[in-house]
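Notes for the one structure printed next.
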Amino acid sequence: MNRFSRITIHPEICHGKPCVRGMRWPVEVVLDMLGSGMAFEEILEDHPELEKEDLLECIRYANSLISGSEIIQVA
């Protein structure tokens with residue numbers, strides 16, 4: 001069982017897609033930035049509202065989805 005305190009899902013925000021801390025930062029957009037080769041430092045510099053822990057939790061969230069683990073939303 002995986003708990004995610006930084007990933008939130010609200011129907012009114014980004015059409016209910018998993019987002020970072022209730023902001024309009026879908027997990028998929030963060031993963032796209034990482035997948036395009038952007039370094040953590042570059043993302044954080046360009047988007048100061050994000051924190052390193054947000055990026056790490058997006059990766060852990062995606063891993064849990066792919067592995068089929070049960071996901072618990074705490075936020």
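Chain lettering (A, B, ...) mirrors the order of the structure tokens, residue numbering begins at 1 for each chain separately, and ligand numbering begins at 1 in order of display.
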| request: May I have the residues within 12 Å of Leu55 of chain A as a PyMOL selection string, using only C-alpha atoms and disregarding those fewer than 2 positions away in the same chain? | output: chain A and resi 6-7+19-21+25-35+38-44+47+49-53+57-62
| query | Taking the backbone alone, and naming residues the way the document does, which bits of chain A are strand (DSSP E) by DSSP, as a list in words? | reply | Asn2, Arg3, Phe4, Ile7, Thr8, Cys19, Val20, Ile71, Ile72 and Gln73 of chain A
